[in-house]
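Presented below is the structure to which this report refers.
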Amino acid sequence: MTRVMEVLIVEDEMLLAMDIEAMVEDSGHHVLAEAASLQEVKDLPEDLNPQLAFVDIHLANNSNGFDVSLYIQTHWPNAIIVFVTANVSKIPADFLGAHGVIAKPFSHAGLVNAVNYIASGMFDSPPNVPRPASLITSPRLDQRWTERAS
C-alpha cells in the first residue's frame, strides 16, 4: 500500500489505545492523535484532518463515543468512523451516522485487516479486498463506496 491514512484514536483505556496505535502503524498508517474523552477530542487542533477514527463507546469524564462520533461528523465530515466496543448491541441500527464497528476483544489480524479494507476503499472505491469478519459495516459506508465509485 502506497498511501497512508491519518487516524484518530478515541479510547480511554491507555494500554488499549497504545495497542491500536501499534496496529495502525504496523499497517503502514499514521496516528494523528489520541483522546480519551469528548473534551479531549474538542481540544485537538482545528487543522487536524483524520481520515479514519476508531472510537470507543464508553469514554472518560462521563463522555461517550456517540457524542464523539457526532462531533467528528461535524468537524471532519470526510472521516470514516468505526466504533470499537464490547457493547455492539448498544449501537443503533443507523450507527448514528458512523461507518462501522469492531467488537472487543479483537485480534491483531482483525484490526489490521479492517484498517487495510478501509484504506482500500478510501483510496480506490470500492475496496479491492474482501470485508473482514471483524468489521461490521453500516449502510452508510456501503453507500459511500458506491458514490465514490461512480
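Chains: A, B, ... in order of the C-alpha cells. Residues: from 1 per chain. Ligands: from 1, in order shown.
Contact shell of stretch 70-79 of chain A at 7 Å (only C-alpha atoms; same-chain neighbours under 3 positions omitted): Asn49, Pro50, Gln51, Leu52, Ala53, Phe66 and Asp67 of chain A.
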With N, CA and C atoms retained, could you export that selection as a PDB file, in the first residue's frame?
```
ATOM      1  N   ASN A  49      -6.976  16.613  10.500  1.00  0.00           N
ATOM      2  CA  ASN A  49      -7.911  16.134   9.485  1.00  0.00           C
ATOM      3  C   ASN A  49      -7.832  14.611   9.372  1.00  0.00           C
ATOM      4  N   PRO A  50      -8.406  13.890  10.343  1.00  0.00           N
ATOM      5  CA  PRO A  50      -8.330  12.430  10.287  1.00  0.00           C
ATOM      6  C   PRO A  50      -9.181  11.873   9.144  1.00  0.00           C
ATOM      7  N   GLN A  51      -8.666  10.824   8.541  1.00  0.00           N
ATOM      8  CA  GLN A  51      -9.436  10.117   7.522  1.00  0.00           C
ATOM      9  C   GLN A  51     -10.200   8.953   8.140  1.00  0.00           C
ATOM     10  N   LEU A  52      -9.690   8.457   9.253  1.00  0.00           N
ATOM     11  CA  LEU A  52     -10.297   7.335   9.965  1.00  0.00           C
ATOM     12  C   LEU A  52     -10.237   7.628  11.449  1.00  0.00           C
ATOM     13  N   ALA A  53     -11.330   7.333  12.156  1.00  0.00           N
ATOM     14  CA  ALA A  53     -11.357   7.479  13.617  1.00  0.00           C
ATOM     15  C   ALA A  53     -11.882   6.188  14.233  1.00  0.00           C
ATOM     16  N   PHE A  66     -20.766   8.070  21.128  1.00  0.00           N
ATOM     17  CA  PHE A  66     -21.819   8.575  20.245  1.00  0.00           C
ATOM     18  C   PHE A  66     -21.680  10.087  20.064  1.00  0.00           C
ATOM     19  N   ASP A  67     -21.445  10.794  21.165  1.00  0.00           N
ATOM     20  CA  ASP A  67     -21.245  12.239  21.076  1.00  0.00           C
ATOM     21  C   ASP A  67     -19.963  12.570  20.320  1.00  0.00           C
TER      22      ASP A  67
END
```
_Excluding A:Leu59 and its own-chain neighbours fewer than 4 positions away, which residues fall within 6 Å of it when counting only C-alpha atoms? Please give them as a PyMOL selection string._
chain A and resi 12+37+63-64
As a PDB file with N, CA and C atoms, in the first residue's frame, list the residues of stretch 34-128 of chain A assigned to helix (DSSP H, G or I) by DSSP on the backbone atoms of this structure.
```
ATOM      1  N   LEU A  38     -14.641  13.165  25.064  1.00  0.00           N
ATOM      2  CA  LEU A  38     -15.162  14.147  24.113  1.00  0.00           C
ATOM      3  C   LEU A  38     -14.409  15.463  24.245  1.00  0.00           C
ATOM      4  N   GLN A  39     -14.154  15.911  25.469  1.00  0.00           N
ATOM      5  CA  GLN A  39     -13.437  17.179  25.652  1.00  0.00           C
ATOM      6  C   GLN A  39     -12.050  17.137  25.036  1.00  0.00           C
ATOM      7  N   GLU A  40     -11.362  16.014  25.182  1.00  0.00           N
ATOM      8  CA  GLU A  40     -10.029  15.908  24.587  1.00  0.00           C
ATOM      9  C   GLU A  40     -10.106  15.953  23.058  1.00  0.00           C
ATOM     10  N   VAL A  41     -11.163  15.401  22.481  1.00  0.00           N
ATOM     11  CA  VAL A  41     -11.351  15.494  21.030  1.00  0.00           C
ATOM     12  C   VAL A  41     -11.592  16.953  20.644  1.00  0.00           C
ATOM     13  N   LYS A  42     -12.424  17.636  21.417  1.00  0.00           N
ATOM     14  CA  LYS A  42     -12.701  19.052  21.137  1.00  0.00           C
ATOM     15  C   LYS A  42     -11.456  19.914  21.276  1.00  0.00           C
ATOM     16  N   GLY A  65     -18.836   7.672  23.080  1.00  0.00           N
ATOM     17  CA  GLY A  65     -18.442   7.633  21.691  1.00  0.00           C
ATOM     18  C   GLY A  65     -19.490   8.136  20.727  1.00  0.00           C
ATOM     19  N   PHE A  66     -20.766   8.070  21.128  1.00  0.00           N
ATOM     20  CA  PHE A  66     -21.819   8.575  20.245  1.00  0.00           C
ATOM     21  C   PHE A  66     -21.680  10.087  20.064  1.00  0.00           C
ATOM     22  N   ASP A  67     -21.445  10.794  21.165  1.00  0.00           N
ATOM     23  CA  ASP A  67     -21.245  12.239  21.076  1.00  0.00           C
ATOM     24  C   ASP A  67     -19.963  12.570  20.320  1.00  0.00           C
ATOM     25  N   VAL A  68     -18.922  11.761  20.518  1.00  0.00           N
ATOM     26  CA  VAL A  68     -17.673  11.971  19.778  1.00  0.00           C
ATOM     27  C   VAL A  68     -17.921  11.778  18.283  1.00  0.00           C
ATOM     28  N   SER A  69     -18.676  10.744  17.936  1.00  0.00           N
ATOM     29  CA  SER A  69     -18.984  10.487  16.530  1.00  0.00           C
ATOM     30  C   SER A  69     -19.701  11.677  15.895  1.00  0.00           C
ATOM     31  N   LEU A  70     -20.691  12.220  16.590  1.00  0.00           N
ATOM     32  CA  LEU A  70     -21.416  13.377  16.060  1.00  0.00           C
ATOM     33  C   LEU A  70     -20.491  14.585  15.908  1.00  0.00           C
ATOM     34  N   TYR A  71     -19.592  14.773  16.859  1.00  0.00           N
ATOM     35  CA  TYR A  71     -18.628  15.876  16.779  1.00  0.00           C
ATOM     36  C   TYR A  71     -17.711  15.691  15.560  1.00  0.00           C
ATOM     37  N   ILE A  72     -17.208  14.483  15.384  1.00  0.00           N
ATOM     38  CA  ILE A  72     -16.332  14.202  14.239  1.00  0.00           C
ATOM     39  C   ILE A  72     -17.077  14.448  12.936  1.00  0.00           C
ATOM     40  N   GLN A  73     -18.332  14.005  12.856  1.00  0.00           N
ATOM     41  CA  GLN A  73     -19.116  14.203  11.633  1.00  0.00           C
ATOM     42  C   GLN A  73     -19.275  15.683  11.298  1.00  0.00           C
ATOM     43  N   THR A  74     -19.344  16.514  12.323  1.00  0.00           N
ATOM     44  CA  THR A  74     -19.487  17.953  12.118  1.00  0.00           C
ATOM     45  C   THR A  74     -18.160  18.613  11.740  1.00  0.00           C
ATOM     46  N   HIS A  75     -17.079  18.225  12.429  1.00  0.00           N
ATOM     47  CA  HIS A  75     -15.787  18.899  12.248  1.00  0.00           C
ATOM     48  C   HIS A  75     -14.902  18.279  11.173  1.00  0.00           C
ATOM     49  N   VAL A  88     -21.535  -3.952  21.343  1.00  0.00           N
ATOM     50  CA  VAL A  88     -22.041  -3.792  19.981  1.00  0.00           C
ATOM     51  C   VAL A  88     -23.560  -3.640  19.976  1.00  0.00           C
ATOM     52  N   SER A  89     -24.245  -4.305  20.883  1.00  0.00           N
ATOM     53  CA  SER A  89     -25.714  -4.244  20.920  1.00  0.00           C
ATOM     54  C   SER A  89     -26.230  -2.849  21.277  1.00  0.00           C
ATOM     55  N   LYS A  90     -25.387  -1.988  21.821  1.00  0.00           N
ATOM     56  CA  LYS A  90     -25.808  -0.625  22.171  1.00  0.00           C
ATOM     57  C   LYS A  90     -25.779   0.326  20.978  1.00  0.00           C
ATOM     58  N   PHE A  95     -26.242   3.361  13.185  1.00  0.00           N
ATOM     59  CA  PHE A  95     -24.875   3.612  13.628  1.00  0.00           C
ATOM     60  C   PHE A  95     -24.655   5.083  13.988  1.00  0.00           C
ATOM     61  N   LEU A  96     -25.729   5.852  14.141  1.00  0.00           N
ATOM     62  CA  LEU A  96     -25.645   7.289  14.421  1.00  0.00           C
ATOM     63  C   LEU A  96     -24.741   8.005  13.416  1.00  0.00           C
ATOM     64  N   GLY A  97     -24.790   7.539  12.188  1.00  0.00           N
ATOM     65  CA  GLY A  97     -24.001   8.165  11.140  1.00  0.00           C
ATOM     66  C   GLY A  97     -22.584   7.639  11.009  1.00  0.00           C
ATOM     67  N   HIS A 108      -5.210  -8.882  16.624  1.00  0.00           N
ATOM     68  CA  HIS A 108      -4.313  -8.040  15.847  1.00  0.00           C
ATOM     69  C   HIS A 108      -4.691  -8.135  14.372  1.00  0.00           C
ATOM     70  N   ALA A 109      -4.853  -9.358  13.878  1.00  0.00           N
ATOM     71  CA  ALA A 109      -5.199  -9.561  12.467  1.00  0.00           C
ATOM     72  C   ALA A 109      -6.552  -8.935  12.140  1.00  0.00           C
ATOM     73  N   GLY A 110      -7.515  -9.045  13.054  1.00  0.00           N
ATOM     74  CA  GLY A 110      -8.841  -8.475  12.810  1.00  0.00           C
ATOM     75  C   GLY A 110      -8.800  -6.972  12.628  1.00  0.00           C
ATOM     76  N   LEU A 111      -8.066  -6.274  13.483  1.00  0.00           N
ATOM     77  CA  LEU A 111      -7.992  -4.817  13.363  1.00  0.00           C
ATOM     78  C   LEU A 111      -7.166  -4.416  12.140  1.00  0.00           C
ATOM     79  N   VAL A 112      -6.044  -5.084  11.915  1.00  0.00           N
ATOM     80  CA  VAL A 112      -5.203  -4.757  10.760  1.00  0.00           C
ATOM     81  C   VAL A 112      -5.970  -4.993   9.458  1.00  0.00           C
ATOM     82  N   ASN A 113      -6.698  -6.104   9.375  1.00  0.00           N
ATOM     83  CA  ASN A 113      -7.485  -6.370   8.165  1.00  0.00           C
ATOM     84  C   ASN A 113      -8.566  -5.318   7.964  1.00  0.00           C
ATOM     85  N   ALA A 114      -9.173  -4.854   9.046  1.00  0.00           N
ATOM     86  CA  ALA A 114     -10.187  -3.798   8.942  1.00  0.00           C
ATOM     87  C   ALA A 114      -9.550  -2.500   8.448  1.00  0.00           C
ATOM     88  N   VAL A 115      -8.387  -2.157   8.976  1.00  0.00           N
ATOM     89  CA  VAL A 115      -7.681  -0.946   8.536  1.00  0.00           C
ATOM     90  C   VAL A 115      -7.357  -1.049   7.049  1.00  0.00           C
ATOM     91  N   ASN A 116      -6.859  -2.196   6.626  1.00  0.00           N
ATOM     92  CA  ASN A 116      -6.498  -2.370   5.217  1.00  0.00           C
ATOM     93  C   ASN A 116      -7.722  -2.307   4.312  1.00  0.00           C
ATOM     94  N   TYR A 117      -8.835  -2.866   4.758  1.00  0.00           N
ATOM     95  CA  TYR A 117     -10.078  -2.804   3.989  1.00  0.00           C
ATOM     96  C   TYR A 117     -10.542  -1.351   3.839  1.00  0.00           C
ATOM     97  N   ILE A 118     -10.528  -0.621   4.939  1.00  0.00           N
ATOM     98  CA  ILE A 118     -10.968   0.783   4.907  1.00  0.00           C
ATOM     99  C   ILE A 118     -10.026   1.606   4.023  1.00  0.00           C
ATOM    100  N   ALA A 119      -8.738   1.386   4.148  1.00  0.00           N
ATOM    101  CA  ALA A 119      -7.779   2.119   3.315  1.00  0.00           C
ATOM    102  C   ALA A 119      -7.999   1.806   1.842  1.00  0.00           C
ATOM    103  N   SER A 120      -8.285   0.559   1.539  1.00  0.00           N
ATOM    104  CA  SER A 120      -8.535   0.179   0.151  1.00  0.00           C
ATOM    105  C   SER A 120      -9.735   0.940  -0.403  1.00  0.00           C
ATOM    106  N   GLY A 121     -10.788   1.036   0.380  1.00  0.00           N
ATOM    107  CA  GLY A 121     -11.963   1.784  -0.056  1.00  0.00           C
ATOM    108  C   GLY A 121     -11.761   3.285  -0.052  1.00  0.00           C
ATOM    109  N   MET A 122     -10.943   3.766   0.860  1.00  0.00           N
ATOM    110  CA  MET A 122     -10.666   5.199   0.958  1.00  0.00           C
ATOM    111  C   MET A 122      -9.954   5.693  -0.302  1.00  0.00           C
ATOM    112  N   PHE A 123      -9.007   4.913  -0.785  1.00  0.00           N
ATOM    113  CA  PHE A 123      -8.175   5.352  -1.898  1.00  0.00           C
ATOM    114  C   PHE A 123      -8.629   4.812  -3.249  1.00  0.00           C
TER     115      PHE A 123
END
```
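Atom CA of A:Thr137 to atom CA of A:Leu8 spans 18.4 Å [interatomic distance, one decimal].
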*For stretch 27-32 of chain A, list every protein, DNA or RNA residue within 8 Å, evaluated using only C-alpha atoms, and leave out those in the same chain fewer than 2 positions away; present the list as a list in words.*
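Final neighbour list, sorted by chain and number: Met1, Val4, Met5, Glu6, Val7, Leu8, Ile9, Glu21, Met23, Val24, Glu25, Glu34, Leu48, Pro50, Val112, Val115 and Asn116 of chain A.
Taking atom CA of A:Ser138 as the reference point, atom CA of A:Asp94 is found at 7.1 Å.
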*asked:* Which residues are near A:Thr85? Cut-off 12 Å, only C-alpha atoms, ignore same chain within fewer than 3 positions. Put them as a ChimeraX atom specification.
replied: /A:10-13,16,54-59,64-66,82,88-91,100-106,134-136
Same residues, C-alpha atoms, saved as a JSON list (two decimals), in the first residue's frame:
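Result file again00.json:
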```json
[["chain", "number", "residue", "atom", "x", "y", "z"],
["A", 10, "VAL", "CA", -10.54, 7.84, 20.87],
["A", 11, "GLU", "CA", -10.13, 5.32, 23.70],
["A", 12, "ASP", "CA", -9.93, 5.87, 27.45],
["A", 13, "GLU", "CA", -8.02, 2.66, 28.23],
["A", 16, "LEU", "CA", -5.68, -0.50, 24.52],
["A", 54, "PHE", "CA", -11.55, 4.50, 15.94],
["A", 55, "VAL", "CA", -13.98, 5.45, 18.73],
["A", 56, "ASP", "CA", -14.81, 3.55, 21.92],
["A", 57, "ILE", "CA", -18.37, 3.91, 23.28],
["A", 58, "HIS", "CA", -17.62, 4.36, 26.99],
["A", 59, "LEU", "CA", -15.09, 7.16, 27.48],
["A", 64, "ASN", "CA", -19.37, 8.67, 25.18],
["A", 65, "GLY", "CA", -18.44, 7.63, 21.69],
["A", 66, "PHE", "CA", -21.82, 8.57, 20.25],
["A", 82, "VAL", "CA", -15.53, 2.98, 13.36],
["A", 88, "VAL", "CA", -22.04, -3.79, 19.98],
["A", 89, "SER", "CA", -25.71, -4.24, 20.92],
["A", 90, "LYS", "CA", -25.81, -0.63, 22.17],
["A", 91, "ILE", "CA", -25.12, 0.75, 18.69],
["A", 100, "GLY", "CA", -18.81, 0.52, 11.21],
["A", 101, "VAL", "CA", -17.96, -1.32, 14.39],
["A", 102, "ILE", "CA", -15.30, -3.72, 15.57],
["A", 103, "ALA", "CA", -16.21, -5.81, 18.60],
["A", 104, "LYS", "CA", -13.88, -6.05, 21.59],
["A", 105, "PRO", "CA", -11.96, -8.13, 22.22],
["A", 106, "PHE", "CA", -10.44, -8.12, 18.75],
["A", 134, "SER", "CA", -14.02, -8.37, 12.30],
["A", 135, "LEU", "CA", -15.65, -5.27, 10.74],
["A", 136, "ILE", "CA", -19.41, -4.80, 10.76]]
```
